[in-house]
Amino acid sequence: MSEWLQVVATLRGVDGDQQPGLDEVEACFVALLEGQVSRDAADRWAARWIEKDFHDDGSRLEWDELTWWALGLLHGIDLRPGPEEPYLHDGGQVRGWLEELRRRRIG
């Protein structure tokens with residue numbers, strides 16, 4: 001089981017092949033900020049869902065706006081401007097995104 005799937009299984013008891021909802025995306029941000037999942041693993045997990053257009057049964061994946069926005073932030077969270085450079089988005093910015101996600105979720 002991949003690093004991210006282990007975290008999701010621990011935090012939410014979710015099957016790794018089930019389309020994630022906002023709870024799982026939020027859990028990824030939390031796990032990332034708590035150091036339970038690497039940026040690389042979070043990026044790969046988000047990329048898998050952004051790049052996947054259809055369910056296994058052929059039906060199209062549908063996303064609500066907030067979940068899609070948050071997945072888009074996670075996809076690329078491991079980017080650096082060059083080797084050994086700091087991440088493009090530091091921990092403070094990632095925390096800000098999580099706070100915004102939570103505000104938008106309530107509002």
# chains A, B, ... in the order shown; residues from 1 in each chain; ligands from 1
>>> residues_around(residues="Gly91 in chain A", least_positions_apart="6", cutoff="12 Å", atoms="only C-alpha atoms", output="PyMOL selection string")
chain A and resi 29-30+32-35+39+77-78+97-98
>>> select_by_dssp(residues="chain A", states="alpha helix (DSSP H)", output="number ranges by chain")
A: 3-12, 22-33, 39-51, 65-74, 91-106
>>> closest_residue(among="A:Ala27, A:Leu71, A:Val94, A:Leu66", to="Glu51 in chain A", atoms="only C-alpha atoms")
A:Leu71
>>> closest_residue(among="A:Ala70, A:Asp90, A:Pro81, A:Pro20", to="Arg104 in chain A", atoms="only C-alpha atoms")
A:Ala70
>>> atom_distance(atom1="CA of Pro83 in chain A", atom2="CA of Trp49 in chain A")
26.5 Å
>>> residues_around(residues="Gly72 in chain A", least_positions_apart="4", cutoff="12 Å", atoms="only C-alpha atoms", output="PyMOL selection string")
chain A and resi 25+42-51+63+65-68+76-77+97
>>> closest_residue(among="A:Asp56, A:Glu62, A:Glu100, A:Asp40", to="Leu79 in chain A", atoms="only C-alpha atoms")
A:Asp40
>>> closest_residue(among="A:Asp23, A:His55, A:Glu99, A:His89", to="Leu73 in chain A", atoms="only C-alpha atoms")
A:His89
>>> closest_residue(among="A:Phe54, A:His75, A:Glu84, A:Gly92", to="Gln18 in chain A", atoms="only C-alpha atoms")
A:Phe54
